[in-house]
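Undergrad: Input structure.tsv, format and content: TSV, C-alpha atoms.
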```
chain	number	residue	atom	x	y	z
M	1	MET	CA	-89.16	-197.22	98.77
M	2	SER	CA	-87.59	-193.87	99.40
M	3	LYS	CA	-86.47	-191.75	96.51
M	4	ASN	CA	-82.84	-191.84	97.57
M	5	LYS	CA	-82.63	-195.53	97.09
M	6	SER	CA	-80.41	-195.45	94.20
M	7	THR	CA	-82.01	-198.14	92.16
M	8	ASP	CA	-84.13	-195.25	90.87
M	9	ASN	CA	-81.33	-193.62	88.98
M	10	GLN	CA	-79.43	-196.63	87.85
M	11	PRO	CA	-77.90	-196.31	84.41
M	12	LYS	CA	-79.33	-198.22	81.52
M	13	TYR	CA	-77.57	-201.53	81.44
M	14	ILE	CA	-78.77	-204.32	79.21
M	15	ASN	CA	-80.40	-207.32	80.84
M	16	PRO	CA	-77.55	-209.42	82.30
M	17	TYR	CA	-78.92	-212.64	80.83
M	18	LEU	CA	-79.06	-211.00	77.40
M	19	GLY	CA	-75.47	-209.83	77.93
M	20	GLY	CA	-74.51	-213.37	78.91
M	21	VAL	CA	-76.16	-214.92	75.86
M	22	LEU	CA	-74.44	-212.39	73.57
M	23	LEU	CA	-71.09	-213.04	75.26
M	24	GLY	CA	-71.58	-216.79	74.95
M	25	LEU	CA	-72.40	-216.46	71.24
M	26	LEU	CA	-69.33	-214.26	70.82
M	27	ILE	CA	-67.13	-216.96	72.37
M	28	ILE	CA	-68.60	-219.54	69.99
M	29	LEU	CA	-67.97	-217.21	67.04
M	30	THR	CA	-64.42	-216.48	68.22
M	31	VAL	CA	-63.58	-220.17	68.62
M	32	TYR	CA	-65.28	-220.94	65.29
M	33	ILE	CA	-63.16	-218.36	63.46
M	34	THR	CA	-59.83	-218.42	65.29
M	35	GLY	CA	-59.77	-221.78	67.06
M	36	ARG	CA	-59.25	-220.12	70.45
M	37	GLY	CA	-61.10	-217.91	72.89
M	38	LEU	CA	-61.03	-214.31	74.06
M	39	GLY	CA	-58.39	-212.82	76.34
M	40	ALA	CA	-57.15	-209.66	78.00
M	41	SER	CA	-54.12	-210.02	80.28
M	42	GLY	CA	-51.97	-211.17	77.36
M	43	ALA	CA	-52.18	-207.68	75.83
M	44	ILE	CA	-50.64	-206.11	78.93
M	45	LYS	CA	-47.91	-208.73	78.89
M	46	SER	CA	-47.12	-207.70	75.30
M	47	ALA	CA	-47.02	-204.05	76.40
M	48	VAL	CA	-44.61	-204.93	79.22
M	49	VAL	CA	-42.29	-206.86	76.92
M	50	THR	CA	-42.42	-204.13	74.27
M	51	THR	CA	-41.61	-201.20	76.56
M	52	SER	CA	-38.98	-203.21	78.37
M	53	SER	CA	-37.24	-204.25	75.17
M	54	THR	CA	-37.37	-200.68	73.84
M	55	ILE	CA	-35.70	-199.27	76.95
M	56	ALA	CA	-33.34	-202.14	77.71
M	57	PRO	CA	-33.15	-204.54	74.74
M	58	SER	CA	-30.36	-206.81	75.90
M	59	ALA	CA	-31.60	-207.08	79.48
M	60	THR	CA	-35.07	-207.97	78.23
M	61	GLU	CA	-33.76	-210.63	75.91
M	62	ALA	CA	-31.70	-212.03	78.75
M	63	ASN	CA	-34.74	-212.16	81.00
M	64	GLU	CA	-35.84	-215.77	81.22
M	65	TYR	CA	-39.52	-214.88	81.04
M	66	MET	CA	-39.78	-211.90	78.71
M	67	GLY	CA	-37.14	-213.34	76.38
M	68	GLN	CA	-39.59	-216.04	75.34
M	69	PHE	CA	-41.92	-213.48	73.80
M	70	ILE	CA	-39.37	-211.59	71.73
M	71	SER	CA	-39.01	-212.48	68.08
M	72	ASP	CA	-36.70	-211.04	65.47
M	73	ASP	CA	-39.22	-210.43	62.73
M	74	HIS	CA	-41.92	-208.48	64.57
M	75	SER	CA	-42.67	-206.44	67.67
M	76	PRO	CA	-44.40	-208.18	70.61
M	77	MET	CA	-47.22	-205.67	70.05
M	78	TYR	CA	-47.96	-207.42	66.76
M	79	ASN	CA	-50.06	-209.93	68.59
M	80	TRP	CA	-53.67	-211.13	68.32
M	81	LEU	CA	-54.57	-210.20	71.89
M	82	VAL	CA	-53.19	-206.66	71.51
M	83	PHE	CA	-55.49	-206.01	68.57
M	84	GLU	CA	-58.38	-207.68	70.33
M	85	SER	CA	-57.84	-205.53	73.44
M	86	LEU	CA	-57.71	-202.42	71.29
M	87	GLY	CA	-61.12	-203.54	70.05
M	88	VAL	CA	-62.30	-203.92	73.67
M	89	LEU	CA	-61.41	-200.27	74.31
M	90	ILE	CA	-63.27	-199.17	71.16
M	91	GLY	CA	-66.27	-201.39	71.91
M	92	GLY	CA	-66.43	-200.12	75.50
M	93	LEU	CA	-66.34	-196.56	74.23
M	94	LEU	CA	-69.09	-197.23	71.67
M	95	SER	CA	-71.35	-198.74	74.32
M	96	GLY	CA	-70.53	-195.86	76.69
M	97	ILE	CA	-71.47	-193.33	74.02
M	98	LEU	CA	-74.64	-195.19	73.06
M	99	PHE	CA	-75.88	-195.45	76.67
M	100	GLY	CA	-74.61	-192.04	77.76
M	101	ARG	CA	-71.92	-193.19	80.19
M	102	VAL	CA	-68.84	-191.57	78.72
M	103	GLY	CA	-67.94	-188.72	81.02
M	104	LYS	CA	-65.36	-186.77	82.91
M	105	PHE	CA	-62.63	-188.70	84.66
M	106	ARG	CA	-64.20	-190.16	87.79
M	107	THR	CA	-63.61	-192.85	90.36
M	108	ASP	CA	-65.99	-195.47	91.70
M	109	HIS	CA	-65.39	-196.29	95.35
M	110	GLY	CA	-67.26	-197.52	98.40
M	111	PRO	CA	-68.75	-194.89	100.74
M	112	LYS	CA	-66.16	-195.50	103.48
M	113	ILE	CA	-62.99	-194.84	101.47
M	114	SER	CA	-61.67	-191.87	99.52
M	115	ALA	CA	-60.97	-191.81	95.81
M	116	LYS	CA	-57.21	-191.64	96.50
M	117	LYS	CA	-57.30	-194.72	98.67
M	118	ARG	CA	-59.27	-196.45	95.94
M	119	TRP	CA	-56.53	-195.62	93.43
M	120	VAL	CA	-53.83	-197.15	95.62
M	121	LEU	CA	-55.92	-200.26	96.13
M	122	ALA	CA	-56.66	-200.46	92.40
M	123	VAL	CA	-52.92	-200.47	91.66
M	124	ILE	CA	-52.30	-203.17	94.28
M	125	GLY	CA	-55.24	-205.25	93.06
M	126	GLY	CA	-54.12	-204.83	89.47
M	127	ALA	CA	-50.58	-205.89	90.33
M	128	LEU	CA	-51.88	-209.01	92.08
M	129	PHE	CA	-54.09	-209.78	89.10
M	130	GLY	CA	-51.13	-209.30	86.78
M	131	ILE	CA	-48.97	-211.72	88.77
M	132	GLY	CA	-51.80	-214.23	89.19
M	133	SER	CA	-52.65	-214.22	85.50
M	134	GLN	CA	-49.11	-215.33	84.65
M	135	PHE	CA	-49.32	-218.34	86.98
M	136	GLY	CA	-52.86	-219.00	85.79
M	137	ARG	CA	-51.93	-218.81	82.10
M	138	GLY	CA	-54.68	-216.28	81.60
M	139	CYS	CA	-57.20	-214.17	83.49
M	140	THR	CA	-60.97	-214.19	83.88
M	141	SER	CA	-61.59	-213.99	80.13
M	142	GLY	CA	-58.77	-216.10	78.72
M	143	ALA	CA	-58.56	-218.84	81.33
M	144	ALA	CA	-61.71	-218.81	83.47
M	145	LEU	CA	-64.29	-218.07	80.76
M	146	SER	CA	-62.82	-219.22	77.45
M	147	GLY	CA	-60.90	-222.05	79.12
M	148	THR	CA	-63.91	-223.45	80.94
M	149	ALA	CA	-66.15	-222.98	77.89
M	150	THR	CA	-63.80	-225.27	75.95
M	151	PHE	CA	-63.84	-227.75	78.87
M	152	ALA	CA	-60.15	-227.20	79.67
M	153	LEU	CA	-59.28	-228.44	83.16
M	154	GLY	CA	-57.01	-225.43	83.70
M	155	GLY	CA	-59.85	-223.03	82.95
M	156	VAL	CA	-62.06	-224.64	85.58
M	157	ILE	CA	-59.24	-224.49	88.15
M	158	VAL	CA	-58.66	-220.79	87.51
M	159	MET	CA	-62.39	-220.04	87.59
M	160	PHE	CA	-62.90	-221.72	90.97
M	161	GLY	CA	-59.64	-220.22	92.19
M	162	ILE	CA	-60.69	-216.65	91.40
M	163	PHE	CA	-64.30	-216.75	92.56
M	164	GLY	CA	-63.72	-219.12	95.47
M	165	THR	CA	-60.93	-216.95	96.85
M	166	GLY	CA	-62.96	-213.83	96.19
M	167	TYR	CA	-65.73	-215.08	98.46
M	168	ILE	CA	-63.30	-216.25	101.13
M	169	VAL	CA	-61.41	-212.94	101.37
M	170	ALA	CA	-64.33	-210.57	100.65
M	171	TYR	CA	-65.16	-210.31	104.36
M	172	PHE	CA	-61.73	-208.83	105.17
M	173	PHE	CA	-62.06	-206.14	102.52
M	174	ARG	CA	-65.72	-205.26	103.11
M	175	LYS	CA	-64.89	-201.70	104.18
M	176	LEU	CA	-63.66	-200.99	100.66
M	177	TRP	CA	-67.03	-201.69	99.09
M	178	LEU	CA	-69.90	-201.58	101.60
J	1	MET	CA	-65.07	-226.56	58.30
J	2	GLY	CA	-64.20	-224.60	61.42
J	3	PRO	CA	-62.06	-223.31	63.01
J	4	LEU	CA	-61.81	-221.09	59.94
J	5	ILE	CA	-58.36	-219.53	60.30
J	6	PRO	CA	-56.44	-222.64	61.46
J	7	ASN	CA	-58.13	-224.58	58.65
J	8	GLY	CA	-57.12	-221.96	56.10
J	9	VAL	CA	-60.69	-221.01	55.14
J	10	ILE	CA	-59.90	-217.40	56.06
J	11	GLY	CA	-56.41	-216.16	55.24
J	12	GLU	CA	-53.97	-215.29	58.03
J	13	GLY	CA	-53.90	-211.70	56.79
J	14	TRP	CA	-57.40	-211.19	58.16
J	15	ASP	CA	-56.32	-212.27	61.62
J	16	PHE	CA	-55.84	-208.80	63.10
J	17	VAL	CA	-58.90	-207.25	61.44
J	18	ILE	CA	-60.97	-210.04	62.96
J	19	ALA	CA	-59.20	-209.55	66.29
J	20	ILE	CA	-60.28	-205.91	66.42
J	21	LEU	CA	-63.86	-206.69	65.37
J	22	LEU	CA	-64.26	-209.48	67.92
J	23	GLY	CA	-62.66	-207.22	70.52
J	24	ILE	CA	-65.14	-204.44	69.76
J	25	ALA	CA	-68.04	-206.84	70.29
J	26	PHE	CA	-66.42	-208.09	73.53
J	27	GLY	CA	-65.89	-204.57	74.88
J	28	PHE	CA	-69.39	-203.50	73.89
J	29	ILE	CA	-71.04	-206.44	75.67
J	30	LEU	CA	-68.93	-205.98	78.83
J	31	GLU	CA	-69.65	-202.24	79.06
J	32	ALA	CA	-73.33	-202.55	78.16
J	33	SER	CA	-73.73	-205.16	80.92
J	34	GLY	CA	-72.30	-202.77	83.51
J	35	PHE	CA	-68.80	-204.25	83.83
J	36	SER	CA	-67.16	-200.84	83.47
J	37	SER	CA	-68.02	-200.11	87.13
J	38	SER	CA	-65.94	-201.66	89.89
J	39	ARG	CA	-68.82	-201.33	92.34
J	40	ASN	CA	-71.04	-203.44	90.09
J	41	LEU	CA	-68.30	-206.04	89.79
J	42	ALA	CA	-67.43	-206.19	93.49
J	43	GLY	CA	-71.13	-206.61	94.25
J	44	VAL	CA	-70.92	-210.28	93.38
J	45	PHE	CA	-68.74	-210.88	96.45
J	46	TYR	CA	-71.04	-208.98	98.83
J	47	GLY	CA	-74.42	-209.97	97.45
J	48	TYR	CA	-75.64	-206.54	96.43
J	49	ASN	CA	-75.18	-207.06	92.70
J	50	PHE	CA	-74.91	-210.43	91.00
J	51	VAL	CA	-74.48	-209.09	87.47
J	52	VAL	CA	-71.06	-210.78	87.19
J	53	LEU	CA	-72.49	-214.16	88.08
J	54	ARG	CA	-75.43	-213.74	85.69
J	55	VAL	CA	-73.39	-212.63	82.69
J	56	PHE	CA	-70.45	-214.97	83.31
J	57	PHE	CA	-72.44	-218.15	83.87
J	58	THR	CA	-74.95	-217.44	81.11
J	59	ALA	CA	-72.04	-216.89	78.70
J	60	LEU	CA	-70.36	-220.04	79.94
J	61	ILE	CA	-73.30	-222.38	79.48
J	62	VAL	CA	-74.30	-220.83	76.14
J	63	ALA	CA	-70.74	-221.25	74.86
J	64	MET	CA	-70.36	-224.80	76.22
J	65	VAL	CA	-73.61	-226.05	74.74
J	66	GLY	CA	-73.12	-224.06	71.52
J	67	LEU	CA	-69.63	-225.40	70.90
J	68	MET	CA	-70.84	-228.95	71.36
J	69	TYR	CA	-73.66	-228.28	68.89
J	70	PHE	CA	-71.23	-226.83	66.35
J	71	ASP	CA	-69.13	-229.97	66.74
J	72	TYR	CA	-72.16	-232.26	66.51
J	73	VAL	CA	-73.48	-230.79	63.26
J	74	GLY	CA	-69.98	-230.75	61.82
J	75	TRP	CA	-69.35	-226.99	61.62
J	76	LEU	CA	-66.46	-227.04	64.05
J	77	ASP	CA	-63.87	-229.67	64.78
J	78	LEU	CA	-63.39	-229.41	68.55
J	79	SER	CA	-60.26	-231.55	68.35
J	80	LYS	CA	-58.61	-228.72	66.41
J	81	ILE	CA	-59.26	-225.89	68.84
J	82	PHE	CA	-56.81	-224.58	71.41
J	83	ILE	CA	-57.14	-226.15	74.83
J	84	LEU	CA	-55.58	-224.16	77.65
J	85	PRO	CA	-52.70	-226.22	79.12
J	86	THR	CA	-53.04	-227.23	82.75
J	87	TYR	CA	-50.32	-226.58	85.33
J	88	LEU	CA	-52.04	-227.82	88.45
J	89	THR	CA	-50.48	-226.05	91.43
J	90	PRO	CA	-49.35	-222.88	89.63
J	91	MET	CA	-52.89	-222.39	88.33
J	92	ILE	CA	-54.42	-222.86	91.77
J	93	VAL	CA	-51.95	-220.31	93.15
J	94	GLY	CA	-52.63	-217.98	90.21
J	95	GLY	CA	-56.37	-218.23	90.72
J	96	VAL	CA	-56.02	-217.46	94.43
J	97	ILE	CA	-53.81	-214.42	93.75
J	98	MET	CA	-56.27	-213.20	91.12
J	99	GLY	CA	-59.16	-213.70	93.52
J	100	VAL	CA	-57.53	-211.40	96.07
J	101	GLY	CA	-56.66	-208.98	93.27
J	102	PHE	CA	-60.29	-208.94	92.15
J	103	VAL	CA	-61.65	-208.02	95.60
J	104	VAL	CA	-58.90	-205.46	96.33
J	105	GLY	CA	-58.76	-203.96	92.83
J	106	GLY	CA	-62.44	-204.21	91.86
J	107	PHE	CA	-61.73	-205.17	88.27
J	108	CYS	CA	-60.31	-207.91	86.15
J	109	PRO	CA	-58.17	-207.07	83.10
J	110	GLY	CA	-60.84	-207.07	80.36
J	111	THR	CA	-63.35	-205.10	82.43
J	112	SER	CA	-60.75	-202.51	83.39
J	113	PHE	CA	-60.19	-201.72	79.70
J	114	THR	CA	-63.89	-200.89	79.29
J	115	GLY	CA	-63.75	-198.77	82.46
J	116	ILE	CA	-60.91	-196.74	80.98
J	117	ALA	CA	-62.91	-196.30	77.78
J	118	ILE	CA	-65.66	-194.39	79.60
J	119	GLY	CA	-63.42	-192.39	81.93
J	120	LYS	CA	-63.04	-194.42	85.13
J	121	LEU	CA	-59.80	-193.52	86.87
J	122	ASP	CA	-59.88	-196.55	89.16
J	123	ALA	CA	-59.89	-198.68	86.02
J	124	LEU	CA	-56.86	-196.81	84.73
J	125	PHE	CA	-54.98	-197.36	88.00
J	126	PHE	CA	-55.94	-201.03	87.95
J	127	THR	CA	-54.43	-201.38	84.47
J	128	ILE	CA	-51.27	-199.60	85.62
J	129	GLY	CA	-51.19	-202.16	88.43
J	130	LEU	CA	-51.48	-204.99	85.89
J	131	TYR	CA	-48.48	-203.60	84.06
J	132	VAL	CA	-46.46	-203.25	87.26
J	133	GLY	CA	-47.43	-206.74	88.39
J	134	ILE	CA	-46.49	-208.45	85.14
J	135	PHE	CA	-43.24	-206.51	84.93
J	136	GLY	CA	-42.39	-207.41	88.53
J	137	PHE	CA	-43.28	-211.03	87.83
J	138	SER	CA	-40.90	-211.07	84.84
J	139	LEU	CA	-38.01	-209.66	86.88
J	140	ALA	CA	-38.54	-212.11	89.71
J	141	TYR	CA	-39.21	-215.03	87.37
J	142	PRO	CA	-35.90	-216.89	87.96
J	143	LEU	CA	-36.89	-217.25	91.63
J	144	PHE	CA	-39.90	-219.38	90.82
J	145	ALA	CA	-39.25	-220.64	87.29
J	146	LYS	CA	-39.31	-224.24	88.50
J	147	PHE	CA	-42.60	-223.81	90.29
J	148	PHE	CA	-44.05	-221.98	87.28
J	149	ASP	CA	-43.61	-225.05	85.07
J	150	SER	CA	-44.52	-227.61	87.72
J	151	GLY	CA	-47.60	-229.80	87.64
J	152	ALA	CA	-47.74	-229.77	83.84
J	153	MET	CA	-50.56	-232.01	82.64
J	154	GLY	CA	-50.66	-230.86	79.01
J	155	ASN	CA	-53.64	-229.48	77.10
J	156	VAL	CA	-56.19	-231.60	78.90
J	157	THR	CA	-59.96	-231.26	79.04
J	158	LEU	CA	-62.25	-232.36	81.86
J	159	THR	CA	-63.13	-235.39	79.76
J	160	ASP	CA	-59.46	-236.35	79.32
J	161	VAL	CA	-58.95	-236.31	83.09
J	162	THR	CA	-62.17	-237.89	84.30
J	163	GLY	CA	-63.36	-239.98	81.36
J	164	ILE	CA	-66.82	-238.41	81.74
J	165	PRO	CA	-68.17	-237.16	78.36
J	166	ALA	CA	-68.37	-233.37	77.91
J	167	PRO	CA	-72.19	-233.17	77.68
J	168	TYR	CA	-72.45	-234.29	81.31
J	169	PHE	CA	-70.25	-231.39	82.38
J	170	ALA	CA	-72.29	-228.97	80.29
J	171	LEU	CA	-75.45	-230.30	81.92
J	172	ALA	CA	-73.95	-230.03	85.42
J	173	PHE	CA	-72.77	-226.45	84.85
J	174	THR	CA	-76.19	-225.53	83.45
J	175	VAL	CA	-78.08	-226.97	86.42
J	176	VAL	CA	-75.75	-225.26	88.92
J	177	ALA	CA	-75.96	-221.97	87.00
J	178	LEU	CA	-79.77	-221.99	86.90
J	179	ALA	CA	-79.91	-222.78	90.62
J	180	ALA	CA	-77.47	-219.94	91.31
J	181	PHE	CA	-79.50	-217.49	89.19
J	182	TRP	CA	-82.59	-218.38	91.17
J	183	GLY	CA	-80.98	-218.33	94.62
J	184	THR	CA	-79.03	-215.11	94.18
J	185	MET	CA	-82.21	-213.28	93.17
J	186	PHE	CA	-83.41	-213.53	96.79
J	187	ILE	CA	-80.00	-212.80	98.32
J	188	GLU	CA	-79.64	-209.67	96.21
J	189	LYS	CA	-83.09	-208.41	97.18
J	190	ARG	CA	-82.40	-208.87	100.87
J	191	VAL	CA	-78.90	-207.31	100.83
J	192	ARG	CA	-80.05	-204.29	98.83
J	193	LYS	CA	-82.83	-203.63	101.34
J	194	ASN	CA	-80.21	-203.05	104.03
J	195	MET	CA	-77.96	-200.84	101.94
J	196	LYS	CA	-78.38	-197.14	102.61
J	197	GLN	CA	-77.15	-196.03	99.26
J	198	TYR	CA	-75.75	-197.76	96.27
J	199	LYS	CA	-74.97	-195.65	93.28
J	200	PHE	CA	-74.08	-197.65	90.25
```
When written as structure tokens, how does the structure in this file appear?
TA:
Amino acid sequence: MSKNKSTDNQPKYINPYLGGVLLGLLIILTVYITGRGLGASGAIKSAVVTTSSTIAPSATEANEYMGQFISDDHSPMYNWLVFESLGVLIGGLLSGILFGRVGKFRTDHGPKISAKKRWVLAVIGGALFGIGSQFGRGCTSGAALSGTATFALGGVIVMFGIFGTGYIVAYFFRKLWL
Amino acid sequence: MGPLIPNGVIGEGWDFVIAILLGIAFGFILEASGFSSSRNLAGVFYGYNFVVLRVFFTALIVAMVGLMYFDYVGWLDLSKIFILPTYLTPMIVGGVIMGVGFVVGGFCPGTSFTGIAIGKLDALFFTIGLYVGIFGFSLAYPLFAKFFDSGAMGNVTLTDVTGIPAPYFALAFTVVALAAFWGTMFIEKRVRKNMKQYKF
């Protein structure tokens, strides 16, 4: 093995099976306490509704989709998933500090593309994920993981949809990553 | 006894404190497992890093079996927990769109938050994309409102649909997961041998 083979300087991640067990226990704890699972995309939806209704209140209320999430007595940001996602940011930061990964702003990208191209693709990929998570009633955490863990049919559909499609289309996007 | 909050064991006022604490644990586990790097995540689709598969499926089978245990010993009433509603075709379409988004964007929503936390700009742009996508979806919603609500089957579980008891599904997922853990070990070794450089 040559020295340049990067597995030499890989950062200290915890064993993935340990991570999986901890995450599984966390889902059990979350369901035990709150009666539902973890999520992520819902927080961004709340942010969208909040900013939209701050800038254009009447248009947002008239919007067939966003209007559903507006209530008179509290802001859409006053939502379980918003607080949970805030926790995700804090928890990610704590782990990053503990393992020495918090650093200057930087971009991960495959060797064949530039950082700028990666940014554009990240926006496009994020937008697709945002749209998909609305149709899927949740993303990888809310639908695929928490949904499947509670044996919900919809969770299983989303899980196979995401990973199945990922493998089918990966070949066409291989230049982005390999 | 459980779920604690819906059953009134813990007051509703604690809801958001608990949300932050559970979120912190979630973010910590994701980041510590390496999910703050898009290259680690994308590796699952190209065979050079199966960390996503290992963490995801381990979590899934632990949670499935654990929840059944909690129900069995009477700590948790599974009939009282939230079951994600199923909208057949919209969810298939959503999953497919998310799958493309995953490969193109290199993150999923939760993991992108942890990427932002440690300074990854691609994670920040992904989250901006999420915002743009959901906003665009909302504006265009009237065009596909009918489709969005189509195929509604209610809050059904695999058992409701097939009549097969949940433990069989848990067993099946566990067997498939263990086989996948074993098989991907060899794939990963072989793919990594051919990669000139892979910086995590």
Undergrad: Find the spatial neighbours of Arg101 in chain M, counting all atoms listed in the file, within a cut-off of 12 Å - ignore same-chain residues fewer than 2 positions away - and output them as a ChimeraX atom specification.
TA: /M:10-13,92-99,103-106 /J:31-32,34,36-37,114-120,200
Undergrad: Would you mind reading off the distance between CA of Ala123 in chain J and CA of Thr58 in chain J, one decimal, in Å?
TA: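 Taking CA of Ala123 in chain J as the start and CA of Thr58 in chain J as the end point, the length is 24.6 Å.
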Undergrad: At what distance in Å, to one decimal, does CA of Gly132 in chain M lie from CA of Phe135 in chain J?
TA: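 Calculated distance between CA of Phe135 in chain J and CA of Gly132 in chain M is 12.3 Å.
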Undergrad: Please provide as a ChimeraX atom specification all residues within 10 Å of Lys45 in chain M, with the sequence filter that same-chain residues fewer than 2 positions apart are discarded (counting all atoms listed in the file).
TA: /M:40-43,47-50,66,69,76-77,81-82,130,133-134 /J:130-131,133-135,138
Undergrad: Quick one: of J:Val156, J:Val103, J:Met185, J:Leu178, who's nearest to Tyr46 in chain J, counting all atoms listed in the file?
TA: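 Under the stated criterion, the closest residue is J:Val103.
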Undergrad: Nearest to Lys117 in chain M among J:Gly105, J:Pro165, J:Pro3, J:Thr157, with distances taken over only C-alpha atoms: which residue is it?
TA: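 That would be J:Gly105, the residue with the smallest distance to Lys117 in chain M.
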Undergrad: Given the choices M:Gly87, M:Phe172, M:Ala62, M:Ala143, which gets closest to chain J if the distance is worked out from all atoms listed in the file?
TA: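 Ranked by minimum distance to chain J, first place goes to M:Gly87.
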Undergrad: Would you kindly identify which residues have an atom no farther than 9 Å from (-73.6, -205.5, 81.1), using only C-alpha atoms and the file's own coordinates, and write them out as a PyMOL selection string?
TA: (chain M and resi 13-20) or (chain J and resi 28-36+51-52+55)
Undergrad: Which distance in Å separates CA of Lys189 in chain J and CA of Gly47 in chain J, to one decimal?
TA: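 Interatomic distance, CA of Lys189 in chain J to CA of Gly47 in chain J: 8.8 Å.
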Undergrad: Which of these residues is nearest to chain M, using all atoms listed in the file: J:Glu12, J:Asp160, J:Asp122, J:Asp149?
TA: J:Asp122
